[in-house]
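As structure tokens, the structure follows; a few thoughts come after it.
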Amino acid sequence: MRILVTGAHGQLGLALQQVAPQYKSMEWHFHGREDLDLLDGEMVDRMVRFLQPDIIINTAAYTAVDKAEEEEQEAYALNRDAVVYLARAAQQTGAQILHISTDYVYDNGQTTPYQETDQVKPGGVYARSKHAGEVALLDADPGHVIIRTSWLYGPVRHNFLQTMLRLGADRAQIDVVFDQAGTPTCTTDLAECIGQILKQMDLDPGVREAFRGVYNFSNEGVCSWYDFAVAIMRFSQLPCRVRPIRSAAFPTPARRPSFSVMDKSKIKDQFGLKIAHWRDALERCIGGMEKR
Ligand SMILES: NC(=O)c1ccc[n+]([C@@H]2O[C@H](COP(=O)([O-])OP(=O)(O)OC[C@H]3O[C@@H](n4cnc5c(N)ncnc54)[C@H](OP(=O)(O)O)[C@@H]3O)[C@@H](O)[C@H]2O)c1
């Protein structure tokens, strides 16, 4: 099975590069913006036609949630229009798309874990542009798996873990919001989940059609950003004190959902996945970074 991964140098793209060698029967092609600029429809078309991948994994995205409020066009160009280019090219060559989306599309005010069938109500520009990407993919329907994930962090690139490690090393005390609940997702765990899905597609190409649809994936458990920050300080043995504050005391240009916990039953049942608790995944991630 030949796999094309976009956004190769993003945090998920890099995690996929780490897990790829485990899947020896698959031929992986990783491409970053420098040789696969998703804003260039012709380039997308040429690359997909040249490689003839079975699966395109789209990890590339406009992910600057706050900046998106001022850069609506840029956010939509990558999060929606580029998905259209990929879907069109996939349709022409018979590829399927595994696309990554976000928990932020839900945000409908409910306080029980979101299921894939729940109503979406994306709030800010980033969330709306990601939802528009999902809709574009569903409309074009080249054969797709959409994974909605949340609070993605990993050992490299810009993410909450890296920010906390930097602040924790510099400051004696920081304030972090405790009134937004969700679940962190370690990039390695999401990359391994994708690997498992691909493995099942590889073993039996006939089931690919049956996998079509939207799935939630995060680590297990629930926490606030405050709990997440406290755990980061503890596992990395930083003496920084974390104080819980309300979101109102830390205004941001883009609204964040106060509750974005997702139910992962569908992906676990469909692919037989066992998902680690967010705290265990975090400890493993920080442990791995310290060994390097
Ligand atoms: N981060 C989160 O907390 C979070 C939460 C939920 C869902 N998600 C979703 O998860 C997926 C992966 O996110 P991530 O955190 O891994 O993102 P990321 O680290 O910000 O990486 C995004 C990648 O997209 C690339 N890119 C930007 N413009 C491009 C273009 N024109 N053509 C091709 N590539 C381009 C970037 O290239 P450069 O390396 O050149 O910048 C970067 O490598 C995204 O779909 C995101 O929406 C993320």
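In the structure tokens, the first chain shown is A, the next is B, and so on; residue numbers restart at 1 for each chain, and ligands run from 1 in the order shown.
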Go through chain A residue by residue and, counting only C-alpha atoms and all ligand atoms, keep those with an atom at most 7 Å from ligand 1; for each kept residue give the shortest atom pair and its distance in Å to one decimal, ordered by chain and increasing number, as JSON lines.
{"residue": "A:Thr6", "atom": "CA", "partner": "ligand 1", "partner_atom_place_in_ligand_line": "34 (N)", "distance": 6.2}
{"residue": "A:Gly7", "atom": "CA", "partner": "ligand 1", "partner_atom_place_in_ligand_line": "43 (O)", "distance": 4.2}
{"residue": "A:Ala8", "atom": "CA", "partner": "ligand 1", "partner_atom_place_in_ligand_line": "43 (O)", "distance": 5.7}
{"residue": "A:His9", "atom": "CA", "partner": "ligand 1", "partner_atom_place_in_ligand_line": "43 (O)", "distance": 4.1}
{"residue": "A:Gly10", "atom": "CA", "partner": "ligand 1", "partner_atom_place_in_ligand_line": "43 (O)", "distance": 3.2}
{"residue": "A:Gln11", "atom": "CA", "partner": "ligand 1", "partner_atom_place_in_ligand_line": "16 (O)", "distance": 3.8}
{"residue": "A:Leu12", "atom": "CA", "partner": "ligand 1", "partner_atom_place_in_ligand_line": "16 (O)", "distance": 3.8}
{"residue": "A:Gly13", "atom": "CA", "partner": "ligand 1", "partner_atom_place_in_ligand_line": "16 (O)", "distance": 6.1}
{"residue": "A:Gly32", "atom": "CA", "partner": "ligand 1", "partner_atom_place_in_ligand_line": "34 (N)", "distance": 5.5}
{"residue": "A:Arg33", "atom": "CA", "partner": "ligand 1", "partner_atom_place_in_ligand_line": "33 (C)", "distance": 3.7}
{"residue": "A:Leu36", "atom": "CA", "partner": "ligand 1", "partner_atom_place_in_ligand_line": "33 (C)", "distance": 5.7}
{"residue": "A:Asp37", "atom": "CA", "partner": "ligand 1", "partner_atom_place_in_ligand_line": "32 (N)", "distance": 3.7}
{"residue": "A:Leu38", "atom": "CA", "partner": "ligand 1", "partner_atom_place_in_ligand_line": "32 (N)", "distance": 3.9}
{"residue": "A:Leu39", "atom": "CA", "partner": "ligand 1", "partner_atom_place_in_ligand_line": "31 (N)", "distance": 4.8}
{"residue": "A:Thr59", "atom": "CA", "partner": "ligand 1", "partner_atom_place_in_ligand_line": "12 (C)", "distance": 4.7}
{"residue": "A:Ala60", "atom": "CA", "partner": "ligand 1", "partner_atom_place_in_ligand_line": "24 (O)", "distance": 3.4}
{"residue": "A:Ala61", "atom": "CA", "partner": "ligand 1", "partner_atom_place_in_ligand_line": "24 (O)", "distance": 4.6}
{"residue": "A:Tyr62", "atom": "CA", "partner": "ligand 1", "partner_atom_place_in_ligand_line": "27 (C)", "distance": 5.9}
{"residue": "A:Thr63", "atom": "CA", "partner": "ligand 1", "partner_atom_place_in_ligand_line": "20 (O)", "distance": 5.0}
{"residue": "A:Leu78", "atom": "CA", "partner": "ligand 1", "partner_atom_place_in_ligand_line": "31 (N)", "distance": 6.3}
{"residue": "A:Ile100", "atom": "CA", "partner": "ligand 1", "partner_atom_place_in_ligand_line": "45 (O)", "distance": 4.4}
{"residue": "A:Ser101", "atom": "CA", "partner": "ligand 1", "partner_atom_place_in_ligand_line": "45 (O)", "distance": 5.0}
{"residue": "A:Thr102", "atom": "CA", "partner": "ligand 1", "partner_atom_place_in_ligand_line": "7 (C)", "distance": 3.9}
{"residue": "A:Asp103", "atom": "CA", "partner": "ligand 1", "partner_atom_place_in_ligand_line": "6 (C)", "distance": 6.1}
{"residue": "A:Lys130", "atom": "CA", "partner": "ligand 1", "partner_atom_place_in_ligand_line": "47 (O)", "distance": 6.8}
{"residue": "A:Arg148", "atom": "CA", "partner": "ligand 1", "partner_atom_place_in_ligand_line": "7 (C)", "distance": 6.5}
{"residue": "A:Thr149", "atom": "CA", "partner": "ligand 1", "partner_atom_place_in_ligand_line": "6 (C)", "distance": 4.7}
{"residue": "A:Ser150", "atom": "CA", "partner": "ligand 1", "partner_atom_place_in_ligand_line": "6 (C)", "distance": 4.0}
{"residue": "A:Trp151", "atom": "CA", "partner": "ligand 1", "partner_atom_place_in_ligand_line": "3 (O)", "distance": 4.0}
{"residue": "A:Leu152", "atom": "CA", "partner": "ligand 1", "partner_atom_place_in_ligand_line": "3 (O)", "distance": 3.8}
{"residue": "A:Tyr153", "atom": "CA", "partner": "ligand 1", "partner_atom_place_in_ligand_line": "3 (O)", "distance": 6.3}
{"residue": "A:Arg157", "atom": "CA", "partner": "ligand 1", "partner_atom_place_in_ligand_line": "19 (O)", "distance": 6.1}
{"residue": "A:His158", "atom": "CA", "partner": "ligand 1", "partner_atom_place_in_ligand_line": "19 (O)", "distance": 6.7}
{"residue": "A:Asn159", "atom": "CA", "partner": "ligand 1", "partner_atom_place_in_ligand_line": "1 (N)", "distance": 6.5}
Might you pull out every residue within 10 Å of A:Gly143, with only C-alpha atoms counted and same-chain residues fewer than 2 positions away left off, and present them as a PyMOL selection string? chain A and resi 55+87+90-91+94-98+137-138+140-141+145+208-213
Now that the selection is made, can you save its residues with N, CA and C atoms as a PDB file, in the first residue's frame?
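Dumped everything to again.pdb:
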ATOM      1  N   ILE A  55      -3.528   5.717  -0.277  1.00  0.00           N
ATOM      2  CA  ILE A  55      -4.096   6.542   0.790  1.00  0.00           C
ATOM      3  C   ILE A  55      -3.318   7.857   0.873  1.00  0.00           C
ATOM      4  N   ALA A  87      -9.014  16.126  -2.591  1.00  0.00           N
ATOM      5  CA  ALA A  87     -10.154  15.237  -2.864  1.00  0.00           C
ATOM      6  C   ALA A  87     -10.326  15.033  -4.371  1.00  0.00           C
ATOM      7  N   ALA A  90      -7.610  12.816  -5.592  1.00  0.00           N
ATOM      8  CA  ALA A  90      -7.843  11.450  -5.105  1.00  0.00           C
ATOM      9  C   ALA A  90      -8.917  10.762  -5.938  1.00  0.00           C
ATOM     10  N   GLN A  91      -9.932  11.514  -6.273  1.00  0.00           N
ATOM     11  CA  GLN A  91     -11.020  10.933  -7.078  1.00  0.00           C
ATOM     12  C   GLN A  91     -10.515  10.477  -8.433  1.00  0.00           C
ATOM     13  N   GLY A  94      -8.195   7.368  -7.741  1.00  0.00           N
ATOM     14  CA  GLY A  94      -8.732   6.244  -6.950  1.00  0.00           C
ATOM     15  C   GLY A  94      -8.130   6.134  -5.556  1.00  0.00           C
ATOM     16  N   ALA A  95      -7.500   7.214  -5.085  1.00  0.00           N
ATOM     17  CA  ALA A  95      -6.937   7.172  -3.723  1.00  0.00           C
ATOM     18  C   ALA A  95      -8.037   7.445  -2.690  1.00  0.00           C
ATOM     19  N   GLN A  96      -7.778   7.011  -1.457  1.00  0.00           N
ATOM     20  CA  GLN A  96      -8.669   7.388  -0.353  1.00  0.00           C
ATOM     21  C   GLN A  96      -7.946   8.429   0.494  1.00  0.00           C
ATOM     22  N   ILE A  97      -8.722   9.221   1.231  1.00  0.00           N
ATOM     23  CA  ILE A  97      -8.104  10.272   2.061  1.00  0.00           C
ATOM     24  C   ILE A  97      -8.378  10.008   3.530  1.00  0.00           C
ATOM     25  N   LEU A  98      -7.305  10.055   4.309  1.00  0.00           N
ATOM     26  CA  LEU A  98      -7.451  10.036   5.767  1.00  0.00           C
ATOM     27  C   LEU A  98      -7.111  11.455   6.228  1.00  0.00           C
ATOM     28  N   LEU A 137     -14.780  17.483   1.888  1.00  0.00           N
ATOM     29  CA  LEU A 137     -14.363  16.092   1.683  1.00  0.00           C
ATOM     30  C   LEU A 137     -15.583  15.180   1.559  1.00  0.00           C
ATOM     31  N   LEU A 138     -16.569  15.417   2.413  1.00  0.00           N
ATOM     32  CA  LEU A 138     -17.798  14.608   2.349  1.00  0.00           C
ATOM     33  C   LEU A 138     -18.504  14.812   1.012  1.00  0.00           C
ATOM     34  N   ALA A 140     -17.125  15.777  -1.929  1.00  0.00           N
ATOM     35  CA  ALA A 140     -16.365  15.194  -3.043  1.00  0.00           C
ATOM     36  C   ALA A 140     -16.372  13.668  -2.932  1.00  0.00           C
ATOM     37  N   ASP A 141     -16.361  13.185  -1.702  1.00  0.00           N
ATOM     38  CA  ASP A 141     -16.487  11.763  -1.378  1.00  0.00           C
ATOM     39  C   ASP A 141     -15.556  10.841  -2.162  1.00  0.00           C
ATOM     40  N   VAL A 145     -11.632   8.790   5.551  1.00  0.00           N
ATOM     41  CA  VAL A 145     -11.735   8.619   6.998  1.00  0.00           C
ATOM     42  C   VAL A 145     -11.368   9.978   7.575  1.00  0.00           C
ATOM     43  N   ARG A 208     -11.934  -1.283   3.039  1.00  0.00           N
ATOM     44  CA  ARG A 208     -11.696   0.176   3.047  1.00  0.00           C
ATOM     45  C   ARG A 208     -12.982   0.984   2.967  1.00  0.00           C
ATOM     46  N   GLU A 209     -13.864   0.519   2.101  1.00  0.00           N
ATOM     47  CA  GLU A 209     -15.139   1.231   1.938  1.00  0.00           C
ATOM     48  C   GLU A 209     -15.929   1.240   3.239  1.00  0.00           C
ATOM     49  N   ALA A 210     -15.851   0.124   3.961  1.00  0.00           N
ATOM     50  CA  ALA A 210     -16.635  -0.016   5.196  1.00  0.00           C
ATOM     51  C   ALA A 210     -16.122   0.922   6.292  1.00  0.00           C
ATOM     52  N   PHE A 211     -14.864   1.345   6.174  1.00  0.00           N
ATOM     53  CA  PHE A 211     -14.271   2.210   7.208  1.00  0.00           C
ATOM     54  C   PHE A 211     -14.652   3.679   7.025  1.00  0.00           C
ATOM     55  N   ARG A 212     -15.165   3.991   5.864  1.00  0.00           N
ATOM     56  CA  ARG A 212     -15.512   5.370   5.516  1.00  0.00           C
ATOM     57  C   ARG A 212     -16.299   6.046   6.647  1.00  0.00           C
ATOM     58  N   GLY A 213     -15.939   7.273   7.003  1.00  0.00           N
ATOM     59  CA  GLY A 213     -16.732   7.983   8.006  1.00  0.00           C
ATOM     60  C   GLY A 213     -15.900   8.878   8.915  1.00  0.00           C
TER      61      GLY A 213
END
Stretch 67-76 of chain A environment, 8 Å, only C-alpha atoms, sequence neighbours closer than 5 positions dropped, as a PyMOL selection string: chain A and resi 62+81+124-126+129-130+132+253-254
Write out as a list in words the residues lying within 6 Å of stretch 171-174 of chain A, counting only C-alpha atoms and excluding same-chain residues fewer than 3 positions away.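 So the residues in contact are Leu167, Gly168, Cys240, Arg241 and Val242 of chain A.
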Atoms kept (C-alpha atoms) for selection, written as a tab-separated table (two decimals), in the first residue's frame:
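Produced file out05.tsv, reproduced below:
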chain	number	residue	atom	x	y	z
A	167	LEU	CA	7.38	28.83	31.02
A	168	GLY	CA	8.01	26.30	33.78
A	240	CYS	CA	6.84	26.03	38.89
A	241	ARG	CA	3.54	26.56	40.75
A	242	VAL	CA	0.40	26.47	38.61
State, in Å with one decimal place, the distance from atom CA of A:Ala281 to atom CA of A:Asp269. 20.7 Å
Secondary structure check, strand (DSSP E or B) residues of stretch 74-173 of chain A, as a ChimeraX atom specification: /A:96-102,114,144-149,152-153,173
Test item: residues at most 10 Å from A:Glu42, only C-alpha atoms, excluding those fewer than 6 positions along its chain, as a PyMOL selection string: chain A and resi 48+85+89
When distances are computed from only C-alpha atoms, which of A:Phe271, A:Phe250, A:Trp28, A:Tyr215 shows the smallest separation from A:Met201?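 Counting only C-alpha atoms, the residue closest to A:Met201 is A:Phe271.
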Counting only C-alpha atoms, which residue out of A:Val261, A:Val84, A:Met164, A:Ala249 sits closest to A:Met233?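 Result for the nearest residue to A:Met233: A:Met164.
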Within 9 Å of A:Gln119, counting only C-alpha atoms, which residues qualify if same-chain residues fewer than 4 places away don't, as a list of chain:residue names?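 Those residues are A:Tyr106, A:Asp107, A:Asn108, A:Tyr114, A:Gln115.
If you measure from each of A:Val83, A:Ala77, A:Met289, A:Met43 to A:Asn58 using only C-alpha atoms, the closest one turns out to be A:Val83.
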Residues near A:Val5, anyone? I mean within 6 Å using only C-alpha atoms, not counting same-chain ones fewer than 2 positions away, as JSON, numbers by chain. {"A": [30, 56, 57]}
For those residues, write C-alpha atoms to a file as a PDB file, in the first residue's frame.
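This is the output file out10.pdb:
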ATOM      1  CA  PHE A  30       6.339  12.233   3.290  1.00  0.00           C
ATOM      2  CA  ILE A  56      -3.411  10.261   1.285  1.00  0.00           C
ATOM      3  CA  ILE A  57      -3.012  11.277   4.920  1.00  0.00           C
TER       4      ILE A  57
END
Per-residue DSSP, stretch 16-215 of chain A, filtered to helix (DSSP H, G or I), as a ChimeraX atom specification: /A:16-22,41-51,67-69,72-93,103-105,125-140,160-170,187-203,205-211
